[in-house]
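What follows is a set of notes on a single structure, which appears directly below.
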Amino acid sequence: MAQNDLALDAFWMPFTANRQFKSEPRLMVSAKGMHYTSDDDRQILDGTAGLWCTNAGHARREISAAVSKQINQLDFAPTFQMAHPLPFELANKLIKHSPENMNHVFFTNSGSESADTALKIAIAYHKAKGNHGKTRLIGREKGYHGTNFGGISVGGLGNNRRAFGNLLTGVDHLKHAWVPGSEFSKGQPEQGAELADELNDMVLLHGAENIAAVMVEPVVGSGGVWIPPKGYLERLRKITADNDILLIFDEVITGYGRVGHAFAAQRFGVTPDIITTAKGLTNGAIPMGAVFVQSKIHDAFMHGPEEVIELFHGYTYSGHPVAAAAGLATIEIYERENLFNKAIELESYWAEALHSLREFDVVKDIRNIGLVGAIEFKPSDKAGERGYKVFHECFWQHNALVRCTADTIAMSPPLIIEKNQIDELMDAMRKAIKSLY
Ligand SMILES: Cc1ncc(COP(=O)(O)O)c(C=O)c1O
């Protein structure tokens with residue numbers, strides 16, 4: 001039954017056209033496995049893992065049992081100058097999956113906090129090494145690093161920046177890493193690696209001695225799903241390493257199996273200095289983020305008098321016991337069900353199914369890697385209209401949840417998806433596009 005009596009006004013919804021939504025609300029009331037149940041009692045196939053988070057599928061009993069046990073045993077304990085065992089256990093478990101030498105984990109509560117934590121660590125690292133000038137940050141057009149001031153300053157999405165006045169100074173942006181002619185590439189586009197060389201120009205312009213870090217999403221997610229050209233990340237790595245600039249991968253979406261390895265860093269064979277994560281860390285069940293740093297970064301702080309705090313940064317809930325319990329239970333599921341390999345196993349099936357939608361004239365481009373895919377539509381006179389209509393049609397007429405960003409539909413199902421459910425998802429998209437265009 002639709003919840004017609006629910007008062008919708010008080011909740012100011014994030015990243016939502018509030019008035020449009022509240023005139024026709026889309027409400028989920030429960031979830032299990034690959035499906036949501038909507039308030040009008042329909043089974044909705046989850047083509048988005050919630051919001052790129054529920055990689056192990058919904059309502060995993062192992063996670064809810066761990067959370068429930070933990071909240072009854074120890075609901076909260078500080079991690080400032082005190083601690084409890086769980087974040088240590090979780091950090092140890094996590095570093096078994098992180099790239100080599102990324103042996104230290106700083107816990108946060110979200111992707112946005114992970115982004116700002118990473119940027120602060122990068123600047124403080126250079127200071128700790130005596131390089132006080134290295135403060136400039138470099139992001140990239142279309143980058144999304146959450147919504148805190150550091151993240152929006154380094155991020156490259158105009159709508160997320162322009163209403164908020166003075167952002168961080170000393171920030172530059174690399175060009176969007178995509179060249180025309182790459183449309184309908186399956187996986188990584190062949191062309192475009194040379195776009196990374198723009199970083200050399202920035203080094204010439206500002207001086208390596210003034211640049212702290214470059215932050216990119218290895219696969220751009222919220223900005224429309226853009227796959228790095230072959231060789232691009234490798235070049236970024238080389239230029240950053242040559243100039244003592246830290247490379248930060250924002251893996252809030254790509255972390256925890258989305259592109260067929262635990263991290264995109266491993267998928268692409270490029271090891272950054274810092275990796276930011278959140279979302280899939282707890283399967284979305286409890287808010288938590290984790291920032292992985294290379295030992296050389298952590299160790300640079302471990303000097304000076306032992307009684308002095310090494311990094312003046314942290315959150316009340318860094319390493320929260322209930323979140324850590326959810327994280328431990330989640331990683332155990334990923335390990336037991338081999339979910340970090342699932343996206344590679346399904347990648348070609350996913351790609352073929354997705355690219356079959358090329359038959360429609362209205363489709364401008366299709367992009368994919370691992371279990372991520374995007375269909376970009378040629379815009380109508382009103383930018384974003386087509387993306388929204390397809391999303392709307394999928395939800396109301398075809399019982400499928402996809403995600404629209406302007407005229408792009410992004411899909412990123414839970415990693416437990418079966419081939420017949422991939423067919424079902426694409427069928428929903430096909431029917432939606434057919435009925436509209
Ligand atoms: C790459 C990336 N970084 C950061 C964030 C921000 O995460 P949160 O919404 O948990 O703050 C997101 C969220 O979608 C993201 O995709």
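By order of appearance in the structure tokens: chains A, B, ..., then residues from 1 within every chain, and ligands from 1 in the order shown.
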Contacts between range 279-301 of chain A and range 128-220 of chain A, please, where a residue of range 128-220 of chain A counts if it comes within 12 Å (with only C-alpha atoms); show its shortest atom pair and distance in Å to one decimal, rows by chain and ascending number, as a tab-separated table.
```
residue	atom	partner	partner_atom	distance
A:Ala128	CA	A:Phe301	CA	6.2
A:Lys129	CA	A:Ala300	CA	6.7
A:Gly130	CA	A:Ala300	CA	10.2
A:Asn131	CA	A:Ala300	CA	11.9
A:Gly146	CA	A:Gly289	CA	11.9
```
Using only C-alpha atoms, which protein or nucleic acid residues come within 9 Å of Leu354 in chain A? Drop anything in the same chain fewer than 4 positions from it, and give the result as an MDAnalysis selection string. chainID A and resid 349:350 358 366:368 373:375 422 426
Would you mind listing, for every residue of chain A within 9 Å of ligand 1, the two atoms forming the shortest contact and the distance between them in Å to one decimal, using only C-alpha atoms and all ligand atoms, sorted by chain and ascending residue number, as JSON lines?
```
{"residue": "A:Leu51", "atom": "CA", "partner": "ligand 1", "partner_atom_place_in_ligand_line": "14 (O)", "distance": 7.0}
{"residue": "A:Trp52", "atom": "CA", "partner": "ligand 1", "partner_atom_place_in_ligand_line": "14 (O)", "distance": 7.2}
{"residue": "A:Cys53", "atom": "CA", "partner": "ligand 1", "partner_atom_place_in_ligand_line": "14 (O)", "distance": 9.0}
{"residue": "A:Asn109", "atom": "CA", "partner": "ligand 1", "partner_atom_place_in_ligand_line": "10 (O)", "distance": 7.4}
{"residue": "A:Ser110", "atom": "CA", "partner": "ligand 1", "partner_atom_place_in_ligand_line": "10 (O)", "distance": 3.8}
{"residue": "A:Gly111", "atom": "CA", "partner": "ligand 1", "partner_atom_place_in_ligand_line": "7 (O)", "distance": 3.2}
{"residue": "A:Ser112", "atom": "CA", "partner": "ligand 1", "partner_atom_place_in_ligand_line": "11 (O)", "distance": 3.5}
{"residue": "A:Glu113", "atom": "CA", "partner": "ligand 1", "partner_atom_place_in_ligand_line": "11 (O)", "distance": 6.3}
{"residue": "A:Ser114", "atom": "CA", "partner": "ligand 1", "partner_atom_place_in_ligand_line": "4 (C)", "distance": 7.4}
{"residue": "A:Ala115", "atom": "CA", "partner": "ligand 1", "partner_atom_place_in_ligand_line": "4 (C)", "distance": 6.4}
{"residue": "A:Gly143", "atom": "CA", "partner": "ligand 1", "partner_atom_place_in_ligand_line": "1 (C)", "distance": 7.5}
{"residue": "A:Tyr144", "atom": "CA", "partner": "ligand 1", "partner_atom_place_in_ligand_line": "1 (C)", "distance": 5.3}
{"residue": "A:His145", "atom": "CA", "partner": "ligand 1", "partner_atom_place_in_ligand_line": "3 (N)", "distance": 3.8}
{"residue": "A:Gly146", "atom": "CA", "partner": "ligand 1", "partner_atom_place_in_ligand_line": "6 (C)", "distance": 3.5}
{"residue": "A:Thr147", "atom": "CA", "partner": "ligand 1", "partner_atom_place_in_ligand_line": "11 (O)", "distance": 6.4}
{"residue": "A:Asn148", "atom": "CA", "partner": "ligand 1", "partner_atom_place_in_ligand_line": "11 (O)", "distance": 7.9}
{"residue": "A:Gly151", "atom": "CA", "partner": "ligand 1", "partner_atom_place_in_ligand_line": "4 (C)", "distance": 7.6}
{"residue": "A:Val216", "atom": "CA", "partner": "ligand 1", "partner_atom_place_in_ligand_line": "1 (C)", "distance": 8.4}
{"residue": "A:Glu217", "atom": "CA", "partner": "ligand 1", "partner_atom_place_in_ligand_line": "1 (C)", "distance": 5.8}
{"residue": "A:Pro218", "atom": "CA", "partner": "ligand 1", "partner_atom_place_in_ligand_line": "1 (C)", "distance": 8.8}
{"residue": "A:Val219", "atom": "CA", "partner": "ligand 1", "partner_atom_place_in_ligand_line": "1 (C)", "distance": 8.4}
{"residue": "A:Val220", "atom": "CA", "partner": "ligand 1", "partner_atom_place_in_ligand_line": "1 (C)", "distance": 7.0}
{"residue": "A:Gly221", "atom": "CA", "partner": "ligand 1", "partner_atom_place_in_ligand_line": "16 (O)", "distance": 5.8}
{"residue": "A:Ser222", "atom": "CA", "partner": "ligand 1", "partner_atom_place_in_ligand_line": "16 (O)", "distance": 5.6}
{"residue": "A:Gly223", "atom": "CA", "partner": "ligand 1", "partner_atom_place_in_ligand_line": "16 (O)", "distance": 8.6}
{"residue": "A:Phe249", "atom": "CA", "partner": "ligand 1", "partner_atom_place_in_ligand_line": "1 (C)", "distance": 8.8}
{"residue": "A:Asp250", "atom": "CA", "partner": "ligand 1", "partner_atom_place_in_ligand_line": "1 (C)", "distance": 5.3}
{"residue": "A:Glu251", "atom": "CA", "partner": "ligand 1", "partner_atom_place_in_ligand_line": "1 (C)", "distance": 5.8}
{"residue": "A:Val252", "atom": "CA", "partner": "ligand 1", "partner_atom_place_in_ligand_line": "2 (C)", "distance": 4.7}
{"residue": "A:Ile253", "atom": "CA", "partner": "ligand 1", "partner_atom_place_in_ligand_line": "16 (O)", "distance": 5.1}
{"residue": "A:Thr254", "atom": "CA", "partner": "ligand 1", "partner_atom_place_in_ligand_line": "1 (C)", "distance": 7.8}
{"residue": "A:Thr276", "atom": "CA", "partner": "ligand 1", "partner_atom_place_in_ligand_line": "3 (N)", "distance": 7.7}
{"residue": "A:Thr277", "atom": "CA", "partner": "ligand 1", "partner_atom_place_in_ligand_line": "3 (N)", "distance": 7.6}
{"residue": "A:Ala278", "atom": "CA", "partner": "ligand 1", "partner_atom_place_in_ligand_line": "10 (O)", "distance": 6.1}
{"residue": "A:Lys279", "atom": "CA", "partner": "ligand 1", "partner_atom_place_in_ligand_line": "10 (O)", "distance": 6.3}
{"residue": "A:Pro287", "atom": "CA", "partner": "ligand 1", "partner_atom_place_in_ligand_line": "10 (O)", "distance": 7.6}
{"residue": "A:Met288", "atom": "CA", "partner": "ligand 1", "partner_atom_place_in_ligand_line": "10 (O)", "distance": 7.9}
{"residue": "A:Gly289", "atom": "CA", "partner": "ligand 1", "partner_atom_place_in_ligand_line": "10 (O)", "distance": 7.5}
```
Who sits within 12 Å of Leu357 in chain A, only C-alpha atoms, same chain under 3 positions skipped, as a short mmCIF file (atom, residue, chain, number, x, y, z; two decimals) with N, CA and C atoms, in the first residue's frame:
```cif
data_model
loop_
_atom_site.label_atom_id
_atom_site.label_comp_id
_atom_site.auth_asym_id
_atom_site.auth_seq_id
_atom_site.Cartn_x
_atom_site.Cartn_y
_atom_site.Cartn_z
N PHE A 184 31.23 4.16 -27.35
CA PHE A 184 30.91 2.74 -27.42
C PHE A 184 32.13 1.83 -27.22
N TRP A 350 27.88 -8.76 -18.99
CA TRP A 350 27.33 -7.43 -18.67
C TRP A 350 27.54 -6.47 -19.85
N ALA A 351 28.76 -6.49 -20.39
CA ALA A 351 29.10 -5.56 -21.48
C ALA A 351 28.25 -5.85 -22.71
N GLU A 352 28.10 -7.13 -23.05
CA GLU A 352 27.31 -7.46 -24.25
C GLU A 352 25.86 -7.03 -24.06
N ALA A 353 25.32 -7.33 -22.89
CA ALA A 353 23.92 -6.98 -22.61
C ALA A 353 23.74 -5.46 -22.70
N LEU A 354 24.65 -4.75 -22.09
CA LEU A 354 24.56 -3.28 -22.06
C LEU A 354 24.68 -2.70 -23.46
N PHE A 360 19.28 1.79 -30.34
CA PHE A 360 18.40 2.96 -30.37
C PHE A 360 19.14 4.21 -30.83
N ASP A 361 18.50 4.91 -31.73
CA ASP A 361 19.09 6.12 -32.28
C ASP A 361 19.38 7.19 -31.23
N VAL A 362 18.55 7.16 -30.18
CA VAL A 362 18.66 8.20 -29.15
C VAL A 362 19.88 7.97 -28.24
N VAL A 363 20.50 6.81 -28.36
CA VAL A 363 21.66 6.50 -27.50
C VAL A 363 22.92 7.11 -28.12
N LYS A 364 23.60 7.91 -27.31
CA LYS A 364 24.79 8.63 -27.81
C LYS A 364 26.07 7.86 -27.51
N ASP A 365 26.10 7.17 -26.36
CA ASP A 365 27.32 6.45 -25.97
C ASP A 365 26.96 5.39 -24.93
N ILE A 366 27.75 4.34 -24.89
CA ILE A 366 27.63 3.32 -23.83
C ILE A 366 29.03 3.06 -23.30
N ARG A 367 29.14 3.04 -21.96
CA ARG A 367 30.46 2.84 -21.33
C ARG A 367 30.33 1.77 -20.24
N GLY A 373 27.97 0.30 -15.61
CA GLY A 373 27.65 0.62 -16.99
C GLY A 373 26.89 1.92 -17.09
N ALA A 374 27.02 2.57 -18.22
CA ALA A 374 26.29 3.82 -18.43
C ALA A 374 25.77 3.88 -19.86
N ILE A 375 24.55 4.40 -19.97
CA ILE A 375 23.96 4.69 -21.28
C ILE A 375 23.77 6.19 -21.33
N GLU A 376 24.40 6.85 -22.25
CA GLU A 376 24.22 8.30 -22.38
C GLU A 376 23.30 8.58 -23.56
N PHE A 377 22.31 9.43 -23.31
CA PHE A 377 21.35 9.76 -24.38
C PHE A 377 21.71 11.09 -25.03
N ILE A 409 22.19 7.32 -17.86
CA ILE A 409 21.70 6.33 -16.89
C ILE A 409 22.88 5.49 -16.46
N ASP A 423 19.79 -9.73 -17.73
CA ASP A 423 18.88 -9.67 -18.88
C ASP A 423 17.62 -8.87 -18.52
N LEU A 425 17.26 -6.57 -16.25
CA LEU A 425 17.56 -5.15 -16.10
C LEU A 425 17.65 -4.47 -17.47
N MET A 426 18.34 -5.12 -18.40
CA MET A 426 18.48 -4.53 -19.74
C MET A 426 17.15 -4.53 -20.47
N ASP A 427 16.35 -5.54 -20.19
CA ASP A 427 15.02 -5.61 -20.80
C ASP A 427 14.16 -4.44 -20.33
N ALA A 428 14.28 -4.13 -19.03
CA ALA A 428 13.54 -2.98 -18.49
C ALA A 428 14.00 -1.70 -19.19
N MET A 429 15.31 -1.55 -19.36
CA MET A 429 15.85 -0.36 -20.04
C MET A 429 15.35 -0.32 -21.48
N ARG A 430 15.40 -1.48 -22.14
CA ARG A 430 14.99 -1.54 -23.56
C ARG A 430 13.54 -1.12 -23.71
N LYS A 431 12.69 -1.67 -22.85
CA LYS A 431 11.25 -1.35 -22.93
C LYS A 431 11.02 0.13 -22.64
N ALA A 432 11.76 0.63 -21.63
CA ALA A 432 11.58 2.05 -21.26
C ALA A 432 11.98 2.95 -22.44
N ILE A 433 13.12 2.65 -23.05
CA ILE A 433 13.59 3.51 -24.15
C ILE A 433 12.61 3.41 -25.33
N LYS A 434 12.18 2.16 -25.62
CA LYS A 434 11.26 1.93 -26.73
C LYS A 434 9.95 2.70 -26.54
#
```
Residues near Ala31 in chain A, cut-off 10 Å, only C-alpha atoms, skip fewer than 6 positions along chain, as a PDB file with C-alpha atoms, in the first residue's frame:
```pdb
ATOM      1  CA  THR A  37       9.909  -3.722  -2.120  1.00  0.00           C
ATOM      2  CA  SER A  38       8.221  -0.410  -2.867  1.00  0.00           C
ATOM      3  CA  GLN A  43       9.401  -5.979  -6.312  1.00  0.00           C
ATOM      4  CA  ILE A  44      11.959  -3.569  -7.768  1.00  0.00           C
ATOM      5  CA  LEU A  45      15.145  -5.013  -9.248  1.00  0.00           C
ATOM      6  CA  ASP A  46      18.061  -3.054  -7.784  1.00  0.00           C
ATOM      7  CA  GLY A  57      23.004  -7.632  -1.912  1.00  0.00           C
ATOM      8  CA  HIS A  58      20.401  -6.435   0.558  1.00  0.00           C
ATOM      9  CA  ALA A  59      19.517  -7.499   4.082  1.00  0.00           C
ATOM     10  CA  ARG A  60      22.443  -9.785   4.691  1.00  0.00           C
TER      11      ARG A  60
END
```
As number ranges by chain, please: every residue in range 290-392 of chain A that a backbone DSSP assignment puts in helix (DSSP H, G or I). A: 295-301, 321-336, 339-359, 385-392
Give me a file of those residues, with N, CA and C atoms, as a compact mmCIF listing (two decimals), in the first residue's frame.
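As written to disk, result_8.txt reads:
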```txt
# COMPACT_ATOMS: atom_id res chain seq x y z
N SER A 295 52.60 2.86 3.85
CA SER A 295 53.38 2.90 5.09
C SER A 295 54.29 4.12 5.14
N LYS A 296 54.84 4.50 3.97
CA LYS A 296 55.78 5.64 3.99
C LYS A 296 55.05 6.91 4.48
N ILE A 297 53.76 7.01 4.20
CA ILE A 297 53.02 8.21 4.62
C ILE A 297 52.76 8.14 6.13
N HIS A 298 52.21 7.02 6.56
CA HIS A 298 51.96 6.83 7.98
C HIS A 298 53.25 7.04 8.78
N ASP A 299 54.33 6.42 8.31
CA ASP A 299 55.57 6.44 9.09
C ASP A 299 56.17 7.85 9.18
N ALA A 300 55.87 8.67 8.17
CA ALA A 300 56.41 10.05 8.19
C ALA A 300 55.86 10.84 9.37
N PHE A 301 54.70 10.41 9.89
CA PHE A 301 54.10 11.12 11.03
C PHE A 301 54.63 10.61 12.37
N PRO A 321 32.16 1.19 17.03
CA PRO A 321 32.08 -0.28 17.19
C PRO A 321 31.00 -0.94 16.33
N VAL A 322 29.86 -0.29 16.20
CA VAL A 322 28.78 -0.93 15.44
C VAL A 322 29.11 -0.93 13.94
N ALA A 323 29.69 0.18 13.48
CA ALA A 323 30.09 0.24 12.07
C ALA A 323 31.21 -0.76 11.80
N ALA A 324 32.16 -0.86 12.72
CA ALA A 324 33.27 -1.79 12.53
C ALA A 324 32.76 -3.23 12.51
N ALA A 325 31.77 -3.52 13.35
CA ALA A 325 31.19 -4.88 13.35
C ALA A 325 30.53 -5.14 11.99
N ALA A 326 29.84 -4.13 11.46
CA ALA A 326 29.23 -4.30 10.14
C ALA A 326 30.30 -4.50 9.08
N GLY A 327 31.41 -3.75 9.19
CA GLY A 327 32.50 -3.88 8.23
C GLY A 327 33.12 -5.27 8.27
N LEU A 328 33.36 -5.77 9.48
CA LEU A 328 33.95 -7.11 9.60
C LEU A 328 33.04 -8.17 8.98
N ALA A 329 31.75 -8.08 9.28
CA ALA A 329 30.81 -9.07 8.74
C ALA A 329 30.73 -8.95 7.22
N THR A 330 30.81 -7.72 6.72
CA THR A 330 30.73 -7.51 5.27
C THR A 330 31.94 -8.11 4.56
N ILE A 331 33.13 -7.82 5.09
CA ILE A 331 34.34 -8.32 4.42
C ILE A 331 34.34 -9.85 4.45
N GLU A 332 33.83 -10.42 5.55
CA GLU A 332 33.76 -11.89 5.60
C GLU A 332 32.85 -12.43 4.49
N ILE A 333 31.76 -11.75 4.22
CA ILE A 333 30.88 -12.19 3.11
C ILE A 333 31.63 -12.07 1.78
N TYR A 334 32.30 -10.94 1.58
CA TYR A 334 33.04 -10.76 0.31
C TYR A 334 34.06 -11.89 0.13
N GLU A 335 34.73 -12.23 1.23
CA GLU A 335 35.76 -13.28 1.14
C GLU A 335 35.11 -14.65 0.87
N ARG A 336 34.09 -14.96 1.68
CA ARG A 336 33.47 -16.29 1.59
C ARG A 336 32.84 -16.51 0.22
N LEU A 339 33.37 -12.42 -3.77
CA LEU A 339 32.65 -11.36 -4.51
C LEU A 339 33.59 -10.37 -5.20
N PHE A 340 34.84 -10.28 -4.73
CA PHE A 340 35.75 -9.35 -5.41
C PHE A 340 36.08 -9.81 -6.83
N ASN A 341 35.83 -11.09 -7.12
CA ASN A 341 36.08 -11.57 -8.49
C ASN A 341 34.83 -11.55 -9.36
N LYS A 342 33.68 -11.32 -8.73
CA LYS A 342 32.42 -11.49 -9.45
C LYS A 342 32.30 -10.56 -10.66
N ALA A 343 32.74 -9.30 -10.48
CA ALA A 343 32.57 -8.33 -11.56
C ALA A 343 33.40 -8.69 -12.78
N ILE A 344 34.55 -9.34 -12.56
CA ILE A 344 35.36 -9.78 -13.71
C ILE A 344 34.67 -10.95 -14.40
N GLU A 345 34.16 -11.88 -13.57
CA GLU A 345 33.51 -13.06 -14.16
C GLU A 345 32.32 -12.66 -15.03
N LEU A 346 31.59 -11.63 -14.59
CA LEU A 346 30.37 -11.24 -15.31
C LEU A 346 30.62 -10.13 -16.32
N GLU A 347 31.85 -9.63 -16.38
CA GLU A 347 32.09 -8.40 -17.14
C GLU A 347 31.69 -8.50 -18.61
N SER A 348 32.06 -9.60 -19.28
CA SER A 348 31.77 -9.62 -20.72
C SER A 348 30.27 -9.84 -20.94
N TYR A 349 29.63 -10.62 -20.09
CA TYR A 349 28.17 -10.79 -20.23
C TYR A 349 27.46 -9.46 -20.03
N TRP A 350 27.88 -8.76 -18.99
CA TRP A 350 27.33 -7.43 -18.67
C TRP A 350 27.54 -6.47 -19.85
N ALA A 351 28.76 -6.49 -20.39
CA ALA A 351 29.10 -5.56 -21.48
C ALA A 351 28.25 -5.85 -22.71
N GLU A 352 28.10 -7.13 -23.05
CA GLU A 352 27.31 -7.46 -24.25
C GLU A 352 25.86 -7.03 -24.06
N ALA A 353 25.32 -7.33 -22.89
CA ALA A 353 23.92 -6.98 -22.61
C ALA A 353 23.74 -5.46 -22.70
N LEU A 354 24.65 -4.75 -22.09
CA LEU A 354 24.56 -3.28 -22.06
C LEU A 354 24.68 -2.70 -23.46
N HIS A 355 25.66 -3.17 -24.20
CA HIS A 355 25.91 -2.60 -25.53
C HIS A 355 24.83 -2.99 -26.53
N SER A 356 23.98 -3.97 -26.19
CA SER A 356 22.87 -4.30 -27.10
C SER A 356 21.89 -3.13 -27.18
N LEU A 357 21.95 -2.21 -26.23
CA LEU A 357 21.04 -1.05 -26.25
C LEU A 357 21.48 0.01 -27.26
N ARG A 358 22.58 -0.27 -27.91
CA ARG A 358 23.08 0.66 -28.93
C ARG A 358 22.11 0.77 -30.10
N GLU A 359 21.21 -0.23 -30.24
CA GLU A 359 20.26 -0.23 -31.36
C GLU A 359 19.42 1.04 -31.44
N GLU A 385 16.47 15.84 -19.42
CA GLU A 385 15.09 15.35 -19.49
C GLU A 385 15.03 13.87 -19.86
N ARG A 386 15.84 13.48 -20.84
CA ARG A 386 15.77 12.09 -21.30
C ARG A 386 16.23 11.11 -20.24
N GLY A 387 17.32 11.45 -19.56
CA GLY A 387 17.82 10.57 -18.50
C GLY A 387 16.75 10.37 -17.44
N TYR A 388 16.14 11.47 -17.02
CA TYR A 388 15.14 11.38 -15.96
C TYR A 388 13.93 10.55 -16.41
N LYS A 389 13.51 10.77 -17.65
CA LYS A 389 12.31 10.04 -18.13
C LYS A 389 12.56 8.53 -18.18
N VAL A 390 13.75 8.14 -18.59
CA VAL A 390 14.04 6.70 -18.66
C VAL A 390 14.08 6.11 -17.25
N PHE A 391 14.72 6.83 -16.34
CA PHE A 391 14.76 6.40 -14.94
C PHE A 391 13.34 6.24 -14.39
N HIS A 392 12.51 7.23 -14.65
CA HIS A 392 11.13 7.27 -14.16
C HIS A 392 10.33 6.10 -14.73
```
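Proximity ranking of A:Ser98, A:Gln397, A:Thr408, A:Asn160 relative to Pro379 in chain A places A:Thr408 first, based on only C-alpha atoms.
Here CA of Val214 in chain A is placed at a distance of 5.8 Å from CA of Gly139 in chain A.
Checking A:Asn210, A:Asp40, A:Phe106, A:Pro413 one by one against Thr79 in chain A, counting only C-alpha atoms, you find the shortest gap at A:Phe106.
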